[in-house]
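A.B. asks: Input coords.cif, format and content: mmCIF, C-alpha atoms.
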```cif
data_work
#
loop_
_atom_site.label_atom_id
_atom_site.label_comp_id
_atom_site.auth_asym_id
_atom_site.auth_seq_id
_atom_site.Cartn_x
_atom_site.Cartn_y
_atom_site.Cartn_z
CA MET R 1 188.59 17.10 -22.67
CA SER R 2 187.10 13.87 -23.97
CA VAL R 3 183.54 13.11 -22.99
CA SER R 4 181.85 9.74 -23.29
CA ALA R 5 178.52 9.40 -25.05
CA HIS R 6 176.93 8.69 -21.68
CA GLN R 7 178.42 11.81 -20.12
CA ALA R 8 177.59 13.92 -23.15
CA SER R 9 173.83 13.43 -22.80
CA ASP R 10 171.74 16.48 -21.96
CA LEU R 11 169.10 16.45 -19.25
CA VAL R 12 165.64 17.97 -19.63
CA VAL R 13 164.28 19.40 -16.37
CA HIS R 14 160.67 20.41 -15.70
CA VAL R 15 159.85 22.46 -12.59
CA VAL R 16 156.23 22.32 -11.45
CA GLN R 17 155.49 25.50 -9.51
CA GLU R 18 152.22 24.42 -7.94
CA ALA R 19 150.67 25.00 -4.51
CA SER R 20 150.04 21.98 -2.35
CA THR R 21 146.83 21.92 -0.33
CA LEU R 22 145.87 20.62 3.12
CA ASP R 23 144.31 17.55 1.46
CA PRO R 24 146.85 14.75 0.80
CA PRO R 25 144.66 12.84 -1.72
CA GLU R 26 144.20 16.05 -3.72
CA ASN R 27 147.95 16.59 -3.78
CA ARG R 28 148.62 13.02 -4.89
CA ALA R 29 146.19 13.56 -7.76
CA LEU R 30 148.08 16.72 -8.75
CA LEU R 31 151.24 14.67 -9.28
CA ALA R 32 149.73 12.86 -12.25
CA GLU R 33 147.84 15.91 -13.48
CA LYS R 34 150.84 18.24 -13.54
CA THR R 35 153.73 15.94 -14.48
CA PRO R 36 154.89 16.42 -18.09
CA ALA R 37 155.69 13.37 -20.18
CA GLY R 38 159.29 12.20 -20.20
CA PRO R 39 162.08 11.73 -20.56
CA GLY R 40 163.69 13.99 -17.98
CA LEU R 41 163.63 15.11 -14.36
CA VAL R 42 160.42 16.60 -12.92
CA VAL R 43 160.69 18.61 -9.71
CA PHE R 44 157.77 19.53 -7.44
CA PRO R 45 158.14 21.85 -4.42
CA GLU R 46 158.82 21.14 -0.77
CA ALA R 47 155.94 19.75 1.35
CA PHE R 48 153.93 18.83 -1.72
CA ALA R 49 152.25 15.86 -0.06
CA ARG R 50 150.59 18.28 2.34
CA ASP R 51 151.16 21.98 2.94
CA PHE R 52 152.54 23.16 6.28
CA GLY R 53 149.27 24.86 7.25
CA HIS R 54 149.40 27.94 9.47
CA ALA R 55 152.68 28.68 11.23
CA GLY R 56 153.36 26.22 14.03
CA SER R 57 150.82 23.61 12.91
CA ASP R 58 151.27 20.04 14.10
CA VAL R 59 151.98 18.06 10.92
CA SER R 60 152.83 14.74 12.62
CA GLY R 61 149.45 13.27 11.68
CA PHE R 62 150.40 13.63 8.01
CA ALA R 63 153.79 11.94 8.21
CA GLU R 64 154.26 8.94 5.94
CA THR R 65 156.86 6.26 5.50
CA GLU R 66 159.18 6.42 2.51
CA ASP R 67 157.16 3.63 0.90
CA GLY R 68 153.75 5.05 1.89
CA GLU R 69 150.90 6.40 -0.23
CA PHE R 70 152.69 9.53 -1.42
CA ALA R 71 155.96 7.81 -2.29
CA THR R 72 154.06 5.03 -4.01
CA GLU R 73 152.21 7.58 -6.14
CA VAL R 74 155.45 9.40 -6.96
CA GLU R 75 156.85 6.10 -8.20
CA ARG R 76 153.71 5.25 -10.17
CA VAL R 77 153.54 8.63 -11.87
CA ALA R 78 157.26 8.56 -12.66
CA LYS R 79 156.87 5.19 -14.37
CA GLU R 80 153.68 6.17 -16.19
CA HIS R 81 155.20 9.40 -17.55
CA GLY R 82 158.69 8.02 -18.19
CA VAL R 83 160.44 10.54 -15.91
CA THR R 84 162.38 10.79 -12.69
CA LEU R 85 160.15 12.57 -10.17
CA LEU R 86 161.11 14.53 -7.04
CA ALA R 87 158.66 15.94 -4.48
CA GLY R 88 158.49 16.86 -0.81
CA MET R 89 156.57 15.22 2.05
CA PHE R 90 156.66 14.77 5.83
CA GLY R 91 158.47 11.55 6.70
CA VAL R 92 157.91 9.37 9.75
CA ASN R 93 160.43 9.77 12.55
CA GLU R 94 160.26 6.63 14.67
CA LYS R 95 162.47 8.13 17.41
CA ASP R 96 160.30 11.24 17.74
CA PRO R 97 156.89 10.67 16.12
CA ALA R 98 155.66 14.13 17.10
CA ARG R 99 158.41 15.74 14.99
CA PRO R 100 158.67 14.08 11.56
CA PHE R 101 161.33 14.76 8.96
CA ASN R 102 160.92 17.24 6.11
CA THR R 103 161.66 14.72 3.37
CA LEU R 104 162.26 14.69 -0.38
CA ILE R 105 161.29 11.55 -2.29
CA MET R 106 162.84 10.77 -5.66
CA ARG R 107 161.69 7.90 -7.87
CA GLY R 108 162.33 6.93 -11.48
CA ASP R 109 163.87 4.30 -13.71
CA GLY R 110 166.57 2.82 -11.51
CA VAL R 111 166.23 5.70 -9.05
CA SER R 112 164.97 5.40 -5.47
CA ALA R 113 166.25 8.03 -3.05
CA ALA R 114 165.20 10.17 -0.12
CA TYR R 115 166.69 13.22 1.57
CA ARG R 116 165.81 14.53 5.03
CA LYS R 117 166.18 18.30 5.32
CA ILE R 118 169.24 19.14 7.39
CA HIS R 119 168.71 22.84 8.15
CA LEU R 120 165.34 23.65 9.70
CA TYR R 121 163.76 27.06 9.16
CA ASP R 122 164.27 28.66 12.57
CA SER R 123 164.49 32.10 11.03
CA PHE R 124 162.45 35.14 9.95
CA GLY R 125 160.06 34.55 12.87
CA TRP R 126 159.44 30.86 12.08
CA LYS R 127 160.45 27.87 14.23
CA GLU R 128 160.33 24.77 12.03
CA SER R 129 162.24 22.75 14.65
CA GLU R 130 159.24 22.89 17.00
CA ARG R 131 157.29 20.64 14.64
CA LEU R 132 159.95 18.86 12.56
CA SER R 133 163.24 17.07 13.18
CA ALA R 134 166.47 17.88 11.36
CA GLY R 135 167.89 15.14 9.21
CA PRO R 136 171.44 13.89 9.81
CA TRP R 137 174.44 15.40 8.07
CA ALA R 138 174.16 13.03 5.13
CA PRO R 139 174.41 14.87 1.78
CA VAL R 140 172.50 12.96 -0.90
CA VAL R 141 173.68 12.76 -4.52
CA VAL R 142 171.61 10.71 -6.97
CA PRO R 143 172.54 9.54 -10.49
CA VAL R 144 169.83 10.64 -12.93
CA SER R 145 170.21 9.97 -16.66
CA GLY R 146 173.98 10.30 -16.63
CA TRP R 147 174.02 13.35 -14.32
CA LEU R 148 174.79 13.52 -10.59
CA VAL R 149 172.02 15.42 -8.81
CA GLY R 150 172.47 16.82 -5.29
CA LEU R 151 169.39 17.34 -3.13
CA MET R 152 168.66 20.34 -0.91
CA THR R 153 165.46 21.74 0.61
CA CYS R 154 164.48 25.39 0.97
CA TYR R 155 166.40 26.84 3.96
CA ASP R 156 169.35 24.57 3.08
CA LEU R 157 170.02 27.07 0.29
CA ARG R 158 171.35 29.56 2.84
CA PHE R 159 174.18 27.19 3.84
CA PRO R 160 176.90 27.11 1.17
CA GLU R 161 178.74 24.33 3.01
CA LEU R 162 175.98 21.86 2.14
CA ALA R 163 176.07 22.81 -1.54
CA ARG R 164 179.86 22.40 -1.56
CA ALA R 165 179.61 19.05 0.24
CA LEU R 166 177.25 17.84 -2.50
CA VAL R 167 179.63 19.08 -5.20
CA ASP R 168 182.54 17.37 -3.43
CA ARG R 169 180.49 14.17 -3.78
CA GLY R 170 180.25 14.77 -7.51
CA ALA R 171 177.03 16.77 -7.87
CA GLU R 172 176.70 18.56 -11.22
CA VAL R 173 173.16 19.78 -10.53
CA LEU R 174 171.74 21.09 -7.25
CA VAL R 175 167.97 20.75 -6.96
CA VAL R 176 166.18 22.84 -4.32
CA PRO R 177 162.46 22.18 -3.76
CA ALA R 178 161.13 24.95 -1.53
CA ALA R 179 158.18 26.59 0.15
CA TRP R 180 160.05 29.91 0.39
CA VAL R 181 157.79 32.08 2.51
CA ALA R 182 157.06 35.47 0.95
CA GLY R 183 158.08 38.67 2.72
CA HIS R 184 160.40 41.65 2.74
CA ARG R 185 163.65 40.85 0.85
CA LYS R 186 162.69 37.18 0.51
CA LEU R 187 162.39 37.06 -3.28
CA ASP R 188 165.70 38.86 -3.65
CA HIS R 189 167.35 36.38 -1.28
CA TRP R 190 165.85 33.40 -3.14
CA GLN R 191 167.07 34.53 -6.54
CA THR R 192 170.47 35.72 -5.29
CA LEU R 193 171.23 32.53 -3.38
CA LEU R 194 170.17 30.21 -6.21
CA ARG R 195 172.44 32.09 -8.58
CA ALA R 196 175.30 32.24 -6.09
CA ARG R 197 175.22 28.49 -5.48
CA ALA R 198 175.42 27.98 -9.25
CA ILE R 199 178.32 30.38 -9.81
CA GLU R 200 180.47 29.44 -6.83
CA ASN R 201 180.14 25.70 -7.48
CA THR R 202 180.02 25.79 -11.32
CA VAL R 203 176.89 23.64 -11.33
CA TYR R 204 173.36 23.90 -12.62
CA VAL R 205 170.89 24.92 -9.89
CA VAL R 206 167.17 24.17 -10.05
CA GLY R 207 164.88 26.00 -7.63
CA ALA R 208 161.31 24.66 -7.40
CA ALA R 209 159.16 26.94 -5.27
CA GLN R 210 155.53 26.94 -4.22
CA PRO R 211 153.70 29.93 -5.76
CA GLY R 212 152.34 33.13 -4.27
CA PRO R 213 150.78 34.73 -2.48
CA ARG R 214 151.95 32.80 0.59
CA TYR R 215 155.25 31.76 -0.98
CA THR R 216 157.54 33.60 -3.37
CA GLY R 217 157.14 31.49 -6.50
CA HIS R 218 159.76 32.52 -9.10
CA SER R 219 161.13 29.01 -9.62
CA ALA R 220 164.22 29.09 -11.80
CA ILE R 221 166.99 27.11 -13.45
CA TYR R 222 170.48 28.66 -13.51
CA ASP R 223 173.45 27.41 -15.50
CA PRO R 224 176.99 27.03 -14.08
CA MET R 225 177.92 30.60 -15.01
CA GLY R 226 174.80 32.00 -13.32
CA ASP R 227 172.78 32.62 -16.48
CA VAL R 228 169.04 32.00 -16.39
CA VAL R 229 167.95 28.92 -18.34
CA ALA R 230 164.26 29.25 -17.41
CA SER R 231 162.27 31.20 -14.83
CA ALA R 232 158.72 31.54 -13.54
CA GLY R 233 156.67 34.38 -12.14
CA PRO R 234 154.74 34.28 -8.86
CA GLU R 235 151.76 32.18 -9.98
CA ASP R 236 151.21 28.48 -10.82
CA GLU R 237 153.44 27.58 -13.75
CA VAL R 238 155.56 24.81 -15.25
CA ILE R 239 158.97 25.81 -16.56
CA SER R 240 161.37 23.63 -18.54
CA GLY R 241 165.01 23.78 -19.48
CA THR R 242 167.74 21.58 -20.90
CA LEU R 243 170.98 21.07 -19.00
CA HIS R 244 173.86 20.75 -21.45
CA ARG R 245 176.96 18.74 -20.60
CA ASN R 246 179.19 20.95 -22.77
CA VAL R 247 178.03 24.07 -20.89
CA LEU R 248 179.05 22.47 -17.59
CA ILE R 249 182.46 21.47 -18.95
CA GLU R 250 183.11 24.88 -20.49
CA ALA R 251 182.11 26.68 -17.29
CA ARG R 252 184.53 24.59 -15.25
CA GLU R 253 187.31 25.23 -17.75
CA THR R 254 186.64 28.99 -17.79
CA ASN R 255 186.21 29.26 -14.01
CA PRO R 256 188.15 26.38 -12.40
CA SER R 257 187.34 27.52 -8.86
CA LEU R 258 186.79 23.97 -7.64
CA ILE R 259 190.38 23.15 -8.58
CA ASN R 260 191.85 26.48 -7.46
CA ARG R 261 190.41 26.50 -3.95
CA ARG R 262 192.78 26.05 -1.00
CA LEU R 263 191.71 24.06 2.05
#
```
Represent the structure contained in this file as structure tokens.

C.D. replies:
Amino acid sequence: MSVSAHQASDLVVHVVQEASTLDPPENRALLAEKTPAGPGLVVFPEAFARDFGHAGSDVSGFAETEDGEFATEVERVAKEHGVTLLAGMFGVNEKDPARPFNTLIMRGDGVSAAYRKIHLYDSFGWKESERLSAGPWAPVVVPVSGWLVGLMTCYDLRFPELARALVDRGAEVLVVPAAWVAGHRKLDHWQTLLRARAIENTVYVVGAAQPGPRYTGHSAIYDPMGDVVASAGPEDEVISGTLHRNVLIEARETNPSLINRRL
């Protein structure tokens, strides 16, 4: 299989496993403080602009537009550090201001994208839909440094149809910022599902979690055969890994499940 020089480029990914606080200015400051220098993709967790607070909290007062203070700082830090930067926030919902969107913002050189979480966490005793609105069925795939990156958020990981829809749109990497609430079986589910999405779709998967004790931590990068590229423990940590084009190609030649499937 011939590969162009553009396609052959590797992608460095940094995952910042850091807890967001209830203070938006403090969280904006953490973007610059914790972002490694480029080039590459830097991924912060879900709801990094402002933590959810206690279960059932009204977060509508912290919703911002996709060109507001948080997104502006994401863009500034991305430019200053020479990276593409992805982080979570609450996004304004003009049709239902009391229930904003759980939104990912991505900014970088030539990159400006947003994704509104499709599957809300009405599970394990939580009811995210009481305070947030589900985004439309609109899978988002973003070109980043010669790679196609599909965006998912936390609970989305439990829905393999979204991962496959992203791959059908060309995604070679699935990135999953999360605030994966800790609890019985939850770490096992997080790690199993990240790895499963990688293996079944022959893609790299990047999970960026908020740390313990409230959340599971254990951010990780898996390659298209399900091998661990990098992984974190439960505490604050930055992990890094390089995504190799040849590994992706070889995995899809060894396990051509995307070609072999029958619809």

A.B. asks: Pick from R:Thr242, R:Ala37, R:Ser123, R:Cys154: nearest to Gln210 in chain R, with only C-alpha atoms counted?

C.D. replies: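 Among the listed residues, R:Cys154 lies closest to Gln210 in chain R.
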
A.B. asks: Quick one: everything within 6 Å of range 243-257 of chain R, counting all atoms listed in the file, minus sequence neighbours fewer than 2 positions away in the same chain. Send it as a list in words.

C.D. replies: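 Close residues of range 243-257 of chain R: Ala8, Asp10, Leu11, Ile259, Asn260 and Arg261 of chain R.
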
A.B. asks: Using C-alpha atoms, can you export the residues from the last selection as a PDB file, in the frame of the given file?

C.D. replies:
```pdb
ATOM      1  CA  ALA R   8     177.590  13.920 -23.150  1.00  0.00           C
ATOM      2  CA  ASP R  10     171.740  16.480 -21.960  1.00  0.00           C
ATOM      3  CA  LEU R  11     169.100  16.450 -19.250  1.00  0.00           C
ATOM      4  CA  ILE R 259     190.380  23.150  -8.580  1.00  0.00           C
ATOM      5  CA  ASN R 260     191.850  26.480  -7.460  1.00  0.00           C
ATOM      6  CA  ARG R 261     190.410  26.500  -3.950  1.00  0.00           C
TER       7      ARG R 261
END
```

A.B. asks: Could you state which residues are captured by the PyMOL selection byres ((chain R and resi 160) around 10) in this file, as a list of chain:residue names?

C.D. replies: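 Output of the PyMOL selection byres ((chain R and resi 160) around 10): R:Asp156, R:Leu157, R:Arg158, R:Phe159, R:Glu161, R:Leu162, R:Ala163, R:Arg164, R:Ala165, R:Leu166, R:Leu193, R:Ala196, R:Arg197, R:Glu200, R:Asn201.
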
A.B. asks: Of the candidates R:Gly212, R:Gly82, R:Gly68, R:Gly56, which shows the shortest atom-to-atom distance to Pro39 in chain R, using only C-alpha atoms?

C.D. replies: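 Looking only at the distances to Pro39 in chain R, the closest residue turns out to be R:Gly82.
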
A.B. asks: Which is closest to Pro211 in chain R among R:His119, R:Gly233, R:Asp67, R:His14, if we use only C-alpha atoms?

C.D. replies: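 Closest to Pro211 in chain R of all the choices is R:Gly233.
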
A.B. asks: Choose the residue, out of R:Gly61, R:Phe48, R:Arg116, R:Phe124, that has the smallest atom-to-atom separation from Ala138 in chain R; count all atoms listed in the file.

C.D. replies: R:Arg116

A.B. asks: In terms of the shortest atom-to-atom distance over all atoms listed in the file, which of R:Arg76, R:His189, R:Arg195, R:Arg214 is closest to Leu174 in chain R?

C.D. replies: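 Using all atoms listed in the file, the shortest distance to Leu174 in chain R belongs to R:Arg195.
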
A.B. asks: Of the residues R:Glu46, R:Asp23, R:Glu64, R:Glu33, which is the one nearest to Ala179 in chain R, using all atoms listed in the file?

C.D. replies: R:Glu46

A.B. asks: In Å to one decimal, how far is CA of Ala29 in chain R from CA of Asp51 in chain R?

C.D. replies: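 Interatomic distance, CA of Asp51 in chain R to CA of Ala29 in chain R: 14.5 Å.
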
A.B. asks: Carefully work through the PyMOL selection byres ((chain R and resi 24) around 10) for this structure and note down the residues it includes, as a list in words.

C.D. replies: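 So the PyMOL selection byres ((chain R and resi 24) around 10), applied here, picks out Ser20, Thr21, Leu22, Asp23, Pro25, Glu26, Asn27, Arg28, Ala29, Leu30, Phe48, Ala49, Arg50, Asp51, Phe62, Glu69, Phe70 and Met89 of chain R.
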
A.B. asks: Determine, counting all atoms listed in the file, which protein, DNA and RNA residues have an atom within 12 Å of an atom of Pro213 in chain R; residues of the same chain fewer than 4 positions away are not included. Present the result as a ChimeraX atom specification.

C.D. replies: /R:18-19,179-183,187,209,217-218,233-236

A.B. asks: Would you write out, as an mmCIF file with C-alpha atoms, keeping the file's coordinate frame, every residue that the PyMOL selection byres ((chain R and resi 205) around 10) captures in this file?

C.D. replies:
```
data_model
loop_
_atom_site.group_PDB
_atom_site.id
_atom_site.type_symbol
_atom_site.label_atom_id
_atom_site.label_comp_id
_atom_site.auth_asym_id
_atom_site.auth_seq_id
_atom_site.Cartn_x
_atom_site.Cartn_y
_atom_site.Cartn_z
ATOM 1 C CA VAL R 149 172.020 15.420 -8.810
ATOM 2 C CA GLY R 150 172.470 16.820 -5.290
ATOM 3 C CA GLU R 172 176.700 18.560 -11.220
ATOM 4 C CA VAL R 173 173.160 19.780 -10.530
ATOM 5 C CA LEU R 174 171.740 21.090 -7.250
ATOM 6 C CA VAL R 175 167.970 20.750 -6.960
ATOM 7 C CA VAL R 176 166.180 22.840 -4.320
ATOM 8 C CA LEU R 194 170.170 30.210 -6.210
ATOM 9 C CA ARG R 195 172.440 32.090 -8.580
ATOM 10 C CA ALA R 196 175.300 32.240 -6.090
ATOM 11 C CA ARG R 197 175.220 28.490 -5.480
ATOM 12 C CA ALA R 198 175.420 27.980 -9.250
ATOM 13 C CA ILE R 199 178.320 30.380 -9.810
ATOM 14 C CA ASN R 201 180.140 25.700 -7.480
ATOM 15 C CA THR R 202 180.020 25.790 -11.320
ATOM 16 C CA VAL R 203 176.890 23.640 -11.330
ATOM 17 C CA TYR R 204 173.360 23.900 -12.620
ATOM 18 C CA VAL R 206 167.170 24.170 -10.050
ATOM 19 C CA GLY R 207 164.880 26.000 -7.630
ATOM 20 C CA ALA R 208 161.310 24.660 -7.400
ATOM 21 C CA ALA R 220 164.220 29.090 -11.800
ATOM 22 C CA ILE R 221 166.990 27.110 -13.450
ATOM 23 C CA TYR R 222 170.480 28.660 -13.510
ATOM 24 C CA ASP R 223 173.450 27.410 -15.500
ATOM 25 C CA PRO R 224 176.990 27.030 -14.080
ATOM 26 C CA GLY R 226 174.800 32.000 -13.320
ATOM 27 C CA VAL R 228 169.040 32.000 -16.390
ATOM 28 C CA VAL R 229 167.950 28.920 -18.340
ATOM 29 C CA LEU R 243 170.980 21.070 -19.000
#
```

A.B. asks: Need the shell around Ala78 in chain R: protein/DNA/RNA residues with any atom at most 12 Å away, counting all atoms listed in the file. Skip same-chain ones fewer than 4 positions apart. Format as a PyMOL selection string?

C.D. replies: chain R and resi 31-43+71-74+82-87+105-112

A.B. asks: Taking all atoms of range 137-140 of chain R that the file lists and extending 8 Å past them on each side, where is the centre of the axis-aligned box and how long are its edges? Answer in Å to one decimal, as AutoDock Vina command-line options.

C.D. replies:
```
--center_x 173.5 --center_y 14.2 --center_z 3.6 --size_x 17.9 --size_y 18.4 --size_z 25.0
```

A.B. asks: Could you complete range 152-179 of chain R so that it carries N, CA and C atoms, and give it back as a compact mmCIF listing (two decimals), in the coordinates of the input?

C.D. replies:
```txt
# COMPACT_ATOMS: atom_id res chain seq x y z
N MET R 152 168.76 19.38 -1.99
CA MET R 152 168.66 20.34 -0.91
C MET R 152 167.19 20.73 -0.76
N THR R 153 166.84 21.29 0.39
CA THR R 153 165.46 21.74 0.61
C THR R 153 165.44 23.14 1.19
N CYS R 154 164.84 24.06 0.48
CA CYS R 154 164.48 25.39 0.97
C CYS R 154 165.59 26.06 1.78
N TYR R 155 165.47 26.12 3.09
CA TYR R 155 166.40 26.84 3.96
C TYR R 155 167.84 26.34 3.81
N ASP R 156 168.01 25.09 3.37
CA ASP R 156 169.35 24.57 3.08
C ASP R 156 170.12 25.49 2.14
N LEU R 157 169.40 26.22 1.30
CA LEU R 157 170.02 27.07 0.29
C LEU R 157 170.90 28.14 0.92
N ARG R 158 170.61 28.51 2.16
CA ARG R 158 171.35 29.56 2.84
C ARG R 158 172.68 29.05 3.43
N PHE R 159 172.99 27.78 3.24
CA PHE R 159 174.18 27.19 3.84
C PHE R 159 175.10 26.67 2.73
N PRO R 160 176.06 27.49 2.31
CA PRO R 160 176.90 27.11 1.17
C PRO R 160 177.73 25.86 1.44
N GLU R 161 177.96 25.53 2.72
CA GLU R 161 178.74 24.33 3.01
C GLU R 161 178.02 23.05 2.59
N LEU R 162 176.69 23.05 2.60
CA LEU R 162 175.98 21.86 2.14
C LEU R 162 176.09 21.74 0.62
N ALA R 163 175.92 22.84 -0.09
CA ALA R 163 176.07 22.81 -1.54
C ALA R 163 177.47 22.32 -1.92
N ARG R 164 178.50 22.81 -1.24
CA ARG R 164 179.86 22.40 -1.56
C ARG R 164 180.09 20.93 -1.20
N ALA R 165 179.48 20.47 -0.11
CA ALA R 165 179.61 19.05 0.24
C ALA R 165 178.99 18.16 -0.84
N LEU R 166 177.88 18.60 -1.41
CA LEU R 166 177.25 17.84 -2.50
C LEU R 166 178.15 17.84 -3.73
N VAL R 167 178.74 18.99 -4.04
CA VAL R 167 179.63 19.08 -5.20
C VAL R 167 180.88 18.23 -4.96
N ASP R 168 181.38 18.21 -3.74
CA ASP R 168 182.54 17.37 -3.43
C ASP R 168 182.22 15.88 -3.60
N ARG R 169 180.93 15.55 -3.54
CA ARG R 169 180.49 14.17 -3.78
C ARG R 169 180.12 13.94 -5.24
N GLY R 170 180.42 14.93 -6.08
CA GLY R 170 180.25 14.77 -7.51
C GLY R 170 179.06 15.46 -8.13
N ALA R 171 178.23 16.16 -7.33
CA ALA R 171 177.03 16.77 -7.87
C ALA R 171 177.35 17.76 -8.99
N GLU R 172 176.60 17.66 -10.08
CA GLU R 172 176.70 18.56 -11.22
C GLU R 172 175.45 19.44 -11.33
N VAL R 173 174.43 19.05 -10.60
CA VAL R 173 173.16 19.78 -10.53
C VAL R 173 172.74 19.82 -9.07
N LEU R 174 172.33 20.98 -8.58
CA LEU R 174 171.74 21.09 -7.25
C LEU R 174 170.25 21.39 -7.43
N VAL R 175 169.41 20.57 -6.83
CA VAL R 175 167.97 20.75 -6.96
C VAL R 175 167.41 21.15 -5.59
N VAL R 176 166.62 22.24 -5.58
CA VAL R 176 166.18 22.84 -4.32
C VAL R 176 164.66 23.02 -4.31
N PRO R 177 163.89 21.99 -3.98
CA PRO R 177 162.46 22.18 -3.76
C PRO R 177 162.25 23.08 -2.53
N ALA R 178 161.28 23.98 -2.60
CA ALA R 178 161.13 24.95 -1.53
C ALA R 178 159.67 25.38 -1.37
N ALA R 179 159.38 25.81 -0.14
CA ALA R 179 158.18 26.59 0.15
C ALA R 179 158.71 27.87 0.79
```
